[in-house]
$ cat coords.pdb   # PDB, C-alpha atoms
ATOM      1  CA  MET A   1     -28.393 -77.726  26.774
ATOM      2  CA  LYS A   2     -29.845 -74.304  27.587
ATOM      3  CA  THR A   3     -30.687 -72.770  30.967
ATOM      4  CA  LEU A   4     -33.206 -69.900  31.119
ATOM      5  CA  ILE A   5     -33.229 -67.296  33.885
ATOM      6  CA  GLY A   6     -34.417 -63.782  34.651
ATOM      7  CA  SER A   7     -31.805 -61.111  35.411
ATOM      8  CA  THR A   8     -31.323 -57.433  36.208
ATOM      9  CA  ALA A   9     -28.460 -55.364  34.851
ATOM     10  CA  ALA A  10     -25.528 -54.935  37.171
ATOM     11  CA  ALA A  11     -23.857 -51.580  37.635
ATOM     12  CA  ALA A  12     -20.516 -52.914  36.414
ATOM     13  CA  LEU A  13     -22.029 -53.797  33.043
ATOM     14  CA  THR A  14     -23.603 -50.371  32.704
ATOM     15  CA  VAL A  15     -20.193 -48.768  33.216
ATOM     16  CA  CYS A  16     -18.609 -51.078  30.667
ATOM     17  CA  LEU A  17     -21.209 -50.285  28.010
ATOM     18  CA  CYS A  18     -20.844 -46.552  28.598
ATOM     19  CA  LEU A  19     -17.093 -46.795  28.021
ATOM     20  CA  ALA A  20     -17.693 -48.599  24.747
ATOM     21  CA  ALA A  21     -19.971 -45.881  23.333
ATOM     22  CA  PRO A  22     -18.377 -44.055  20.374
ATOM     23  CA  VAL A  23     -17.166 -40.564  21.245
ATOM     24  CA  SER A  24     -14.952 -38.003  19.548
ATOM     25  CA  ALA A  25     -11.199 -38.393  20.151
ATOM     26  CA  GLN A  26     -10.109 -34.991  18.861
ATOM     27  CA  GLY A  27      -6.540 -33.923  19.438
ATOM     28  CA  LEU A  28      -5.153 -37.461  19.701
ATOM     29  CA  ASP A  29      -4.616 -38.247  16.000
ATOM     30  CA  GLY A  30      -1.651 -40.479  15.293
ATOM     31  CA  VAL A  31      -1.976 -42.647  18.409
ATOM     32  CA  VAL A  32      -2.740 -45.670  16.231
ATOM     33  CA  GLN A  33      -2.349 -46.372  12.533
ATOM     34  CA  LEU A  34      -4.085 -49.094  10.504
ATOM     35  CA  ASP A  35      -2.603 -50.736   7.391
ATOM     36  CA  VAL A  36      -3.929 -53.622   5.313
ATOM     37  CA  LEU A  37      -1.347 -56.330   4.538
ATOM     38  CA  ASP A  38      -1.524 -58.709   1.577
ATOM     39  CA  GLY A  39      -0.859 -62.425   1.963
ATOM     40  CA  GLY A  40      -1.994 -63.608  -1.456
ATOM     41  CA  ARG A  41      -4.414 -66.344  -2.385
ATOM     42  CA  THR A  42      -4.470 -69.697  -0.604
ATOM     43  CA  ALA A  43      -4.620 -73.154  -2.186
ATOM     44  CA  LYS A  44      -8.326 -73.370  -1.350
ATOM     45  CA  GLY A  45      -9.108 -70.113  -3.150
ATOM     46  CA  THR A  46      -9.482 -67.770  -0.185
ATOM     47  CA  TYR A  47      -7.613 -64.496   0.207
ATOM     48  CA  LEU A  48      -5.252 -64.003   3.123
ATOM     49  CA  GLY A  49      -4.702 -60.514   4.481
ATOM     50  CA  ALA A  50      -4.287 -58.740   7.791
ATOM     51  CA  LEU A  51      -5.177 -55.547   9.577
ATOM     52  CA  ARG A  52      -2.002 -54.170  11.134
ATOM     53  CA  LEU A  53      -2.369 -51.731  14.020
ATOM     54  CA  THR A  54       0.736 -49.751  14.930
ATOM     55  CA  LEU A  55       0.517 -47.875  18.231
ATOM     56  CA  LYS A  56       2.634 -45.101  19.666
ATOM     57  CA  ASP A  57       5.042 -46.042  22.466
ATOM     58  CA  GLY A  58       3.265 -46.944  25.693
ATOM     59  CA  TRP A  59      -0.179 -47.369  24.118
ATOM     60  CA  LYS A  60      -2.123 -50.624  23.970
ATOM     61  CA  THR A  61      -5.309 -51.903  22.378
ATOM     62  CA  TYR A  62      -7.676 -54.733  23.232
ATOM     63  CA  TRP A  63      -8.485 -58.334  22.464
ATOM     64  CA  ARG A  64     -11.991 -59.453  21.457
ATOM     65  CA  ALA A  65     -12.724 -60.059  25.181
ATOM     66  CA  PRO A  66     -11.000 -57.001  26.687
ATOM     67  CA  GLY A  67     -11.302 -57.688  30.417
ATOM     68  CA  ASP A  68     -12.547 -55.420  33.200
ATOM     69  CA  ALA A  69     -11.752 -52.035  31.690
ATOM     70  CA  GLY A  70     -11.240 -52.504  27.957
ATOM     71  CA  ILE A  71     -13.238 -51.583  24.869
ATOM     72  CA  PRO A  72     -13.968 -54.545  22.558
ATOM     73  CA  PRO A  73     -13.072 -54.021  18.875
ATOM     74  CA  GLN A  74     -15.813 -54.011  16.250
ATOM     75  CA  PHE A  75     -15.619 -54.297  12.460
ATOM     76  CA  ASP A  76     -17.826 -52.959   9.676
ATOM     77  CA  TRP A  77     -17.194 -54.620   6.292
ATOM     78  CA  THR A  78     -20.310 -53.287   4.536
ATOM     79  CA  GLY A  79     -18.404 -51.118   2.032
ATOM     80  CA  SER A  80     -16.433 -54.128   0.752
ATOM     81  CA  ARG A  81     -16.925 -55.821  -2.626
ATOM     82  CA  ASN A  82     -16.926 -59.530  -3.460
ATOM     83  CA  VAL A  83     -16.580 -60.497   0.204
ATOM     84  CA  GLY A  84     -18.393 -63.583   1.425
ATOM     85  CA  ASP A  85     -17.191 -65.139   4.665
ATOM     86  CA  VAL A  86     -14.644 -63.281   6.827
ATOM     87  CA  SER A  87     -12.605 -65.277   9.363
ATOM     88  CA  ILE A  88     -10.361 -63.507  11.896
ATOM     89  CA  THR A  89      -7.494 -65.224  13.738
ATOM     90  CA  TRP A  90      -6.611 -63.508  17.027
ATOM     91  CA  PRO A  91      -3.008 -63.902  18.220
ATOM     92  CA  ALA A  92      -2.729 -64.829  21.897
ATOM     93  CA  PRO A  93      -3.039 -61.583  23.903
ATOM     94  CA  GLU A  94      -1.237 -60.244  26.983
ATOM     95  CA  ILE A  95      -2.733 -59.542  30.423
ATOM     96  CA  PHE A  96      -2.361 -56.047  31.896
ATOM     97  CA  ASP A  97      -3.008 -55.213  35.562
ATOM     98  CA  GLN A  98      -3.479 -51.549  36.448
ATOM     99  CA  ASN A  99      -5.116 -49.914  39.458
ATOM    100  CA  GLY A 100      -6.781 -53.136  40.496
ATOM    101  CA  LEU A 101      -8.343 -53.728  37.059
ATOM    102  CA  GLN A 102      -7.350 -56.372  34.550
ATOM    103  CA  SER A 103      -7.421 -55.826  30.800
ATOM    104  CA  ILE A 104      -6.425 -58.098  27.936
ATOM    105  CA  GLY A 105      -4.832 -56.958  24.707
ATOM    106  CA  TYR A 106      -1.705 -55.958  22.839
ATOM    107  CA  GLU A 107       1.117 -53.408  23.096
ATOM    108  CA  ASP A 108       2.998 -51.615  20.307
ATOM    109  CA  GLN A 109       1.583 -53.555  17.350
ATOM    110  CA  LEU A 110      -1.177 -55.997  16.477
ATOM    111  CA  VAL A 111      -1.252 -57.957  13.214
ATOM    112  CA  LEU A 112      -4.731 -59.443  12.879
ATOM    113  CA  PRO A 113      -4.905 -62.084  10.120
ATOM    114  CA  VAL A 114      -8.110 -62.063   8.064
ATOM    115  CA  GLU A 115      -9.128 -64.834   5.650
ATOM    116  CA  ILE A 116     -11.760 -63.846   3.084
ATOM    117  CA  THR A 117     -13.855 -66.196   0.978
ATOM    118  CA  PRO A 118     -14.847 -64.328  -2.214
ATOM    119  CA  LYS A 119     -18.438 -64.439  -3.415
ATOM    120  CA  ASN A 120     -17.141 -64.786  -6.980
ATOM    121  CA  PRO A 121     -13.746 -66.554  -7.229
ATOM    122  CA  ALA A 122     -13.145 -64.991 -10.669
ATOM    123  CA  LYS A 123     -13.263 -61.422  -9.366
ATOM    124  CA  THR A 124     -10.963 -59.389  -7.109
ATOM    125  CA  VAL A 125     -11.700 -58.734  -3.432
ATOM    126  CA  HIS A 126     -11.909 -55.154  -2.225
ATOM    127  CA  LEU A 127     -11.897 -54.460   1.514
ATOM    128  CA  ARG A 128     -13.522 -51.221   2.581
ATOM    129  CA  GLY A 129     -14.940 -50.444   5.999
ATOM    130  CA  GLU A 130     -14.238 -49.320   9.534
ATOM    131  CA  MET A 131     -12.713 -50.684  12.711
ATOM    132  CA  ASP A 132     -13.817 -49.306  16.072
ATOM    133  CA  LEU A 133     -11.395 -49.979  18.882
ATOM    134  CA  GLY A 134     -10.148 -48.685  22.203
ATOM    135  CA  VAL A 135      -6.593 -47.525  22.866
ATOM    136  CA  CYS A 136      -5.135 -46.829  26.302
ATOM    137  CA  LYS A 137      -2.137 -45.302  27.969
ATOM    138  CA  ASP A 138      -2.799 -42.969  30.930
ATOM    139  CA  VAL A 139      -6.338 -42.559  29.587
ATOM    140  CA  CYS A 140      -8.509 -44.760  27.385
ATOM    141  CA  ILE A 141     -10.078 -43.424  24.202
ATOM    142  CA  PRO A 142     -12.141 -44.955  21.394
ATOM    143  CA  GLU A 143     -10.829 -44.699  17.836
ATOM    144  CA  ARG A 144     -12.520 -45.292  14.463
ATOM    145  CA  LEU A 145     -10.152 -46.247  11.645
ATOM    146  CA  ASP A 146     -11.059 -46.549   7.957
ATOM    147  CA  PHE A 147      -9.567 -49.069   5.542
ATOM    148  CA  ASP A 148      -9.867 -49.203   1.740
ATOM    149  CA  HIS A 149      -7.740 -51.757  -0.090
ATOM    150  CA  THR A 150      -7.950 -54.165  -3.041
ATOM    151  CA  LEU A 151      -6.296 -57.427  -2.059
ATOM    152  CA  ASP A 152      -3.464 -58.677  -4.260
ATOM    153  CA  ALA A 153      -4.161 -62.275  -5.310
ATOM    154  CA  ASP A 154      -0.555 -62.671  -6.506
ATOM    155  CA  ALA A 155       1.136 -61.448  -3.324
ATOM    156  CA  GLY A 156       3.674 -63.835  -1.840
ATOM    157  CA  ARG A 157       3.964 -65.125   1.701
ATOM    158  CA  ASN A 158       3.903 -62.262   4.192
ATOM    159  CA  PRO A 159       6.228 -62.904   7.181
ATOM    160  CA  ALA A 160       4.200 -60.607   9.470
ATOM    161  CA  ILE A 161       0.983 -62.528   8.752
ATOM    162  CA  ALA A 162       2.758 -65.877   9.146
ATOM    163  CA  ALA A 163       4.166 -64.789  12.516
ATOM    164  CA  ALA A 164       0.731 -63.641  13.736
ATOM    165  CA  LEU A 165      -0.866 -66.947  12.689
ATOM    166  CA  ALA A 166       1.856 -68.814  14.587
ATOM    167  CA  GLN A 167       0.936 -66.860  17.727
ATOM    168  CA  ARG A 168      -2.663 -68.081  17.810
ATOM    169  CA  PRO A 169      -3.793 -70.033  20.888
ATOM    170  CA  TYR A 170      -3.596 -73.816  20.791
ATOM    171  CA  SER A 171      -6.791 -75.700  20.029
ATOM    172  CA  ALA A 172      -8.235 -77.878  22.778
ATOM    173  CA  ARG A 173      -6.617 -80.907  21.152
ATOM    174  CA  GLU A 174      -3.226 -79.207  20.844
ATOM    175  CA  GLY A 175      -3.474 -78.069  24.472
ATOM    176  CA  ARG A 176      -4.264 -81.668  25.526
ATOM    177  CA  VAL A 177      -7.626 -80.770  27.026
ATOM    178  CA  SER A 178      -9.296 -84.015  28.067
ATOM    179  CA  LYS A 179     -12.485 -82.509  29.534
ATOM    180  CA  ALA A 180     -14.263 -79.153  29.768
ATOM    181  CA  SER A 181     -17.475 -78.806  31.768
ATOM    182  CA  CYS A 182     -19.629 -75.845  32.860
ATOM    183  CA  ARG A 183     -21.931 -75.727  35.888
ATOM    184  CA  LEU A 184     -24.601 -72.993  35.667
ATOM    185  CA  THR A 185     -26.290 -71.549  38.771
ATOM    186  CA  PRO A 186     -28.844 -68.675  38.780
ATOM    187  CA  THR A 187     -27.859 -65.584  40.802
ATOM    188  CA  ALA A 188     -29.713 -62.400  41.780
ATOM    189  CA  ASP A 189     -28.331 -60.565  38.730
ATOM    190  CA  GLY A 190     -27.796 -63.316  36.214
ATOM    191  CA  MET A 191     -25.950 -66.602  36.107
ATOM    192  CA  GLN A 192     -22.843 -67.958  37.789
ATOM    193  CA  ILE A 193     -20.747 -70.214  35.617
ATOM    194  CA  GLU A 194     -18.131 -72.566  37.011
ATOM    195  CA  ALA A 195     -15.909 -73.979  34.278
ATOM    196  CA  ARG A 196     -13.672 -76.974  34.967
ATOM    197  CA  VAL A 197     -10.993 -77.715  32.390
ATOM    198  CA  THR A 198      -8.799 -80.793  32.677
ATOM    199  CA  MET A 199      -5.505 -79.993  30.934
ATOM    200  CA  PRO A 200      -1.766 -79.661  31.591
ATOM    201  CA  SER A 201      -0.545 -76.313  32.851
ATOM    202  CA  ALA A 202      -0.169 -73.547  30.248
ATOM    203  CA  GLY A 203       2.730 -72.224  32.337
ATOM    204  CA  GLY A 204       3.107 -69.794  35.226
ATOM    205  CA  ARG A 205       0.065 -67.809  36.289
ATOM    206  CA  GLU A 206      -2.949 -69.088  34.349
ATOM    207  CA  VAL A 207      -5.921 -66.828  33.641
ATOM    208  CA  ALA A 208      -9.152 -68.120  32.118
ATOM    209  CA  VAL A 209     -11.448 -65.922  30.035
ATOM    210  CA  ILE A 210     -15.072 -66.956  29.512
ATOM    211  CA  GLU A 211     -17.115 -65.684  26.549
ATOM    212  CA  PRO A 212     -20.869 -66.443  26.679
ATOM    213  CA  GLY A 213     -21.287 -66.680  22.898
ATOM    214  CA  ASN A 214     -23.937 -63.922  22.855
ATOM    215  CA  PRO A 215     -22.829 -60.285  22.346
ATOM    216  CA  ALA A 216     -25.749 -59.053  24.478
ATOM    217  CA  LEU A 217     -24.294 -60.794  27.539
ATOM    218  CA  TRP A 218     -21.315 -59.787  29.673
ATOM    219  CA  ALA A 219     -19.091 -62.081  31.723
ATOM    220  CA  SER A 220     -17.064 -60.829  34.680
ATOM    221  CA  GLN A 221     -13.374 -61.641  34.836
ATOM    222  CA  PRO A 222     -13.232 -65.177  36.282
ATOM    223  CA  ASP A 223     -11.468 -66.160  39.474
ATOM    224  CA  THR A 224      -9.069 -68.852  38.249
ATOM    225  CA  VAL A 225      -7.424 -71.552  40.378
ATOM    226  CA  ARG A 226      -5.720 -74.835  39.590
ATOM    227  CA  GLN A 227      -6.364 -78.051  41.515
ATOM    228  CA  GLY A 228      -4.003 -80.714  40.231
ATOM    229  CA  ASP A 229      -4.723 -81.361  36.569
ATOM    230  CA  THR A 230      -7.933 -79.290  36.573
ATOM    231  CA  LEU A 231      -8.268 -75.551  36.096
ATOM    232  CA  ILE A 232     -11.361 -74.020  37.740
ATOM    233  CA  ALA A 233     -12.760 -70.643  36.661
ATOM    234  CA  ARG A 234     -15.824 -68.935  38.163
ATOM    235  CA  SER A 235     -17.570 -65.957  36.559
ATOM    236  CA  GLU A 236     -20.940 -64.204  36.606
ATOM    237  CA  ILE A 237     -22.827 -63.562  33.381
ATOM    238  CA  ILE A 238     -25.411 -60.772  33.186
ATOM    239  CA  ASN A 239     -27.640 -59.078  30.636
ATOM    240  CA  ALA A 240     -27.708 -55.264  30.496
ATOM    241  CA  SER A 241     -31.385 -55.203  29.553
ATOM    242  CA  GLY A 242     -32.472 -57.245  32.561
ATOM    243  CA  ALA A 243     -34.394 -59.597  30.250
ATOM    244  CA  PRO A 244     -34.302 -63.379  30.657
ATOM    245  CA  PHE A 245     -31.503 -65.034  28.720
ATOM    246  CA  ALA A 246     -30.383 -68.482  27.717
ATOM    247  CA  LEU A 247     -26.897 -69.922  27.835
ATOM    248  CA  ASP A 248     -26.021 -72.560  25.273
ATOM    249  CA  ARG A 249     -23.050 -74.549  26.522
ATOM    250  CA  SER A 250     -21.982 -75.352  22.965
ATOM    251  CA  GLU A 251     -21.493 -71.595  22.333
ATOM    252  CA  ILE A 252     -19.449 -70.897  25.473
ATOM    253  CA  ARG A 253     -15.779 -70.201  24.733
ATOM    254  CA  ILE A 254     -13.036 -70.588  27.339
ATOM    255  CA  THR A 255      -9.529 -69.288  26.664
ATOM    256  CA  VAL A 256      -6.734 -70.167  29.073
ATOM    257  CA  LEU A 257      -3.838 -67.692  28.996
ATOM    258  CA  GLY A 258      -0.566 -68.972  30.445
ATOM    259  CA  ALA A 259       3.098 -68.021  30.461
ATOM    260  CA  LYS A 260       4.025 -70.677  27.871
ATOM    261  CA  HIS A 261       0.987 -70.628  25.596
ATOM    262  CA  ALA A 262      -2.767 -70.061  25.386
ATOM    263  CA  VAL A 263      -5.493 -72.651  24.785
ATOM    264  CA  ASP A 264      -8.825 -71.971  23.033
ATOM    265  CA  ILE A 265     -11.689 -74.256  24.135
ATOM    266  CA  LYS A 266     -15.006 -74.074  22.279
ATOM    267  CA  GLY A 267     -18.008 -75.499  24.097
ATOM    268  CA  CYS A 268     -18.336 -77.339  27.397
ATOM    269  CA  SER A 269     -20.450 -80.171  28.743
ATOM    270  CA  ALA A 270     -22.857 -80.010  31.693
ATOM    271  CA  GLY A 271     -20.929 -79.826  34.954
TER     272      GLY A 271
END

$ encode --input "coords.pdb" --output "structure tokens"
Amino acid sequence: MKTLIGSTAAAALTVCLCLAAPVSAQGLDGVVQLDVLDGGRTAKGTYLGALRLTLKDGWKTYWRAPGDAGIPPQFDWTGSRNVGDVSITWPAPEIFDQNGLQSIGYEDQLVLPVEITPKNPAKTVHLRGEMDLGVCKDVCIPERLDFDHTLDADAGRNPAIAAALAQRPYSAREGRVSKASCRLTPTADGMQIEARVTMPSAGGREVAVIEPGNPALWASQPDTVRQGDTLIARSEIINASGAPFALDRSEIRITVLGAKHAVDIKGCSAG
């Protein structure tokens, strides 16, 4: 089901987009290093690899939904050869609170598993491209890192990749989610979404993250509360252009981050 509304861009979104614009980071070389790890070929014929980011002490980088003050990572694979589908598995991130703002990401090191389906199974896979990301300590800066690597089909099991895959969020089934619904209400600037997820506690303080499923849209950090067996998260979604937009509930993604584990919920019913 889709809901169509008109909206105007909010100031908070304008600030966020300005922070994400690529700028020069001269004088800060060595803050983060990117390596490509080999994990060999899988039984189904795909290649398993990973992008490993190693950060200097005290620095952090961001998850795909970075929170109030983060810079979302972006990938450019266009220089690669024999690459068909690319699937990324994000390990469960941490929550950082600083100066009243909340960001979501990783400290010290991030191993990001990547599964590649080759266009031609008989040929090698060569990864070449760029990763744009934000890194933060006392200040936040954008970085652009190049990678250029031919994947080794005969590589054995890589413990770092295996550990990162084990840190992925639970699926809705694994997290024992029995129901996920979303109520959509037009606002002056966009759309309010109220997500209700019936599931056992993920442990300690639970934080829900809502992704609209459209990169042109931005969702504010939800207010998250638990009422018995139901977690309730409210957020506002806006469009920077001010143009009307549609929300498809099947594309909405809700991730619950808890002290014990995280749960990844794809799609929600009408609330």

$ closest_atom_pairs --input "coords.pdb" --of "segment 42-147 of chain A" --to "segment 222-237 of chain A" --cutoff "12 Å" --atoms "all atoms listed in the file" --output "CSV"
residue,atom,partner,partner_atom,distance
A:Gly67,CA,A:Pro222,CA,9.7
A:Asp68,CA,A:Pro222,CA,10.3
A:Gln102,CA,A:Pro222,CA,10.7

$ resolve_selection --input "coords.pdb" --expression "the PyMOL selection byres ((chain A and resi 206) around 6)" --output "ChimeraX atom specification"
/A:205,207,257-258

$ closest_residue --input "coords.pdb" --among "A:Thr198, A:Thr42, A:Ser178, A:Thr89" --to "Ala166 of chain A" --atoms "all atoms listed in the file"
A:Thr89

$ atom_distance --input "coords.pdb" --atom1 "atom CA of Asp148 of chain A" --atom2 "atom CA of Ala43 of chain A"
24.8 Å

$ residues_around --input "coords.pdb" --residues "Ala172 of chain A" --least-positions-apart "4" --cutoff "7 Å" --atoms "all atoms listed in the file" --output "JSON list (two decimals) with C-alpha atoms, keeping the file's coordinate frame"
[["chain", "number", "residue", "atom", "x", "y", "z"],
["A", 176, "ARG", "CA", -4.26, -81.67, 25.53],
["A", 177, "VAL", "CA", -7.63, -80.77, 27.03],
["A", 263, "VAL", "CA", -5.49, -72.65, 24.78],
["A", 264, "ASP", "CA", -8.82, -71.97, 23.03],
["A", 265, "ILE", "CA", -11.69, -74.26, 24.14]]

$ residues_around --input "coords.pdb" --residues "Ile116 of chain A" --least-positions-apart "3" --cutoff "12 Å" --atoms "all atoms listed in the file" --output "PyMOL selection string"
chain A and resi 38-42+44-50+77+80-89+113+119-121+124-127+151+153

$ atom_distance --input "coords.pdb" --atom1 "atom CA of Leu217 of chain A" --atom2 "atom CA of Leu55 of chain A"
29.5 Å

$ atom_distance --input "coords.pdb" --atom1 "atom CA of Ala208 of chain A" --atom2 "atom CA of Thr255 of chain A"
5.6 Å

$ decode --input "coords.pdb" --residues "segment 260-269 of chain A" --atoms "all heavy atoms" --output "PDB file, in the first residue's frame"
ATOM      1  N   LYS A 260      21.573  -7.108  23.698  1.00  0.00           N
ATOM      2  CA  LYS A 260      21.898  -8.517  23.447  1.00  0.00           C
ATOM      3  C   LYS A 260      22.082  -8.821  21.970  1.00  0.00           C
ATOM      4  O   LYS A 260      22.948  -9.595  21.589  1.00  0.00           O
ATOM      5  CB  LYS A 260      20.796  -9.419  24.025  1.00  0.00           C
ATOM      6  CG  LYS A 260      20.699  -9.387  25.539  1.00  0.00           C
ATOM      7  CD  LYS A 260      19.768 -10.471  26.060  1.00  0.00           C
ATOM      8  CE  LYS A 260      18.324 -10.277  25.573  1.00  0.00           C
ATOM      9  NZ  LYS A 260      17.387 -11.253  26.183  1.00  0.00           N
ATOM     10  N   HIS A 261      21.258  -8.221  21.128  1.00  0.00           N
ATOM     11  CA  HIS A 261      21.339  -8.472  19.692  1.00  0.00           C
ATOM     12  C   HIS A 261      20.551  -7.400  18.952  1.00  0.00           C
ATOM     13  O   HIS A 261      19.911  -6.541  19.563  1.00  0.00           O
ATOM     14  CB  HIS A 261      20.808  -9.875  19.342  1.00  0.00           C
ATOM     15  CG  HIS A 261      19.403 -10.113  19.807  1.00  0.00           C
ATOM     16  ND1 HIS A 261      19.100 -10.861  20.925  1.00  0.00           N
ATOM     17  CD2 HIS A 261      18.195  -9.694  19.318  1.00  0.00           C
ATOM     18  CE1 HIS A 261      17.798 -10.907  21.100  1.00  0.00           C
ATOM     19  NE2 HIS A 261      17.221 -10.189  20.134  1.00  0.00           N
ATOM     20  N   ALA A 262      20.611  -7.457  17.634  1.00  0.00           N
ATOM     21  CA  ALA A 262      19.825  -6.573  16.768  1.00  0.00           C
ATOM     22  C   ALA A 262      18.880  -7.431  15.931  1.00  0.00           C
ATOM     23  O   ALA A 262      19.132  -8.619  15.708  1.00  0.00           O
ATOM     24  CB  ALA A 262      20.741  -5.749  15.867  1.00  0.00           C
ATOM     25  N   VAL A 263      17.790  -6.824  15.479  1.00  0.00           N
ATOM     26  CA  VAL A 263      16.795  -7.536  14.671  1.00  0.00           C
ATOM     27  C   VAL A 263      16.469  -6.692  13.448  1.00  0.00           C
ATOM     28  O   VAL A 263      16.177  -5.500  13.567  1.00  0.00           O
ATOM     29  CB  VAL A 263      15.505  -7.831  15.470  1.00  0.00           C
ATOM     30  CG1 VAL A 263      14.520  -8.628  14.621  1.00  0.00           C
ATOM     31  CG2 VAL A 263      15.823  -8.580  16.754  1.00  0.00           C
ATOM     32  N   ASP A 264      16.518  -7.304  12.271  1.00  0.00           N
ATOM     33  CA  ASP A 264      16.289  -6.625  10.990  1.00  0.00           C
ATOM     34  C   ASP A 264      14.920  -7.036  10.456  1.00  0.00           C
ATOM     35  O   ASP A 264      14.679  -8.223  10.173  1.00  0.00           O
ATOM     36  CB  ASP A 264      17.394  -7.033  10.011  1.00  0.00           C
ATOM     37  CG  ASP A 264      17.328  -6.301   8.686  1.00  0.00           C
ATOM     38  OD1 ASP A 264      16.554  -5.327   8.584  1.00  0.00           O
ATOM     39  OD2 ASP A 264      18.025  -6.715   7.752  1.00  0.00           O
ATOM     40  N   ILE A 265      14.005  -6.080  10.326  1.00  0.00           N
ATOM     41  CA  ILE A 265      12.627  -6.341   9.919  1.00  0.00           C
ATOM     42  C   ILE A 265      12.364  -5.637   8.595  1.00  0.00           C
ATOM     43  O   ILE A 265      12.496  -4.422   8.491  1.00  0.00           O
ATOM     44  CB  ILE A 265      11.637  -5.843  10.990  1.00  0.00           C
ATOM     45  CG1 ILE A 265      11.948  -6.501  12.336  1.00  0.00           C
ATOM     46  CG2 ILE A 265      10.197  -6.096  10.584  1.00  0.00           C
ATOM     47  CD1 ILE A 265      11.638  -5.639  13.533  1.00  0.00           C
ATOM     48  N   LYS A 266      12.027  -6.387   7.573  1.00  0.00           N
ATOM     49  CA  LYS A 266      11.823  -5.842   6.233  1.00  0.00           C
ATOM     50  C   LYS A 266      10.345  -5.840   5.895  1.00  0.00           C
ATOM     51  O   LYS A 266       9.730  -6.896   5.762  1.00  0.00           O
ATOM     52  CB  LYS A 266      12.629  -6.650   5.205  1.00  0.00           C
ATOM     53  CG  LYS A 266      14.128  -6.594   5.464  1.00  0.00           C
ATOM     54  CD  LYS A 266      14.913  -7.474   4.517  1.00  0.00           C
ATOM     55  CE  LYS A 266      16.405  -7.411   4.830  1.00  0.00           C
ATOM     56  NZ  LYS A 266      17.211  -8.300   3.950  1.00  0.00           N
ATOM     57  N   GLY A 267       9.776  -4.633   5.783  1.00  0.00           N
ATOM     58  CA  GLY A 267       8.372  -4.488   5.454  1.00  0.00           C
ATOM     59  C   GLY A 267       7.490  -4.472   6.684  1.00  0.00           C
ATOM     60  O   GLY A 267       7.837  -5.032   7.739  1.00  0.00           O
ATOM     61  N   CYS A 268       6.350  -3.785   6.566  1.00  0.00           N
ATOM     62  CA  CYS A 268       5.386  -3.729   7.665  1.00  0.00           C
ATOM     63  C   CYS A 268       3.986  -3.606   7.070  1.00  0.00           C
ATOM     64  O   CYS A 268       3.811  -3.092   5.965  1.00  0.00           O
ATOM     65  CB  CYS A 268       5.676  -2.560   8.611  1.00  0.00           C
ATOM     66  SG  CYS A 268       5.851  -0.950   7.799  1.00  0.00           S
ATOM     67  N   SER A 269       3.013  -4.074   7.816  1.00  0.00           N
ATOM     68  CA  SER A 269       1.626  -4.010   7.364  1.00  0.00           C
ATOM     69  C   SER A 269       1.018  -2.670   7.748  1.00  0.00           C
ATOM     70  O   SER A 269       1.606  -1.882   8.485  1.00  0.00           O
ATOM     71  CB  SER A 269       0.819  -5.155   7.985  1.00  0.00           C
ATOM     72  OG  SER A 269       0.810  -5.033   9.398  1.00  0.00           O
TER      73      SER A 269
END
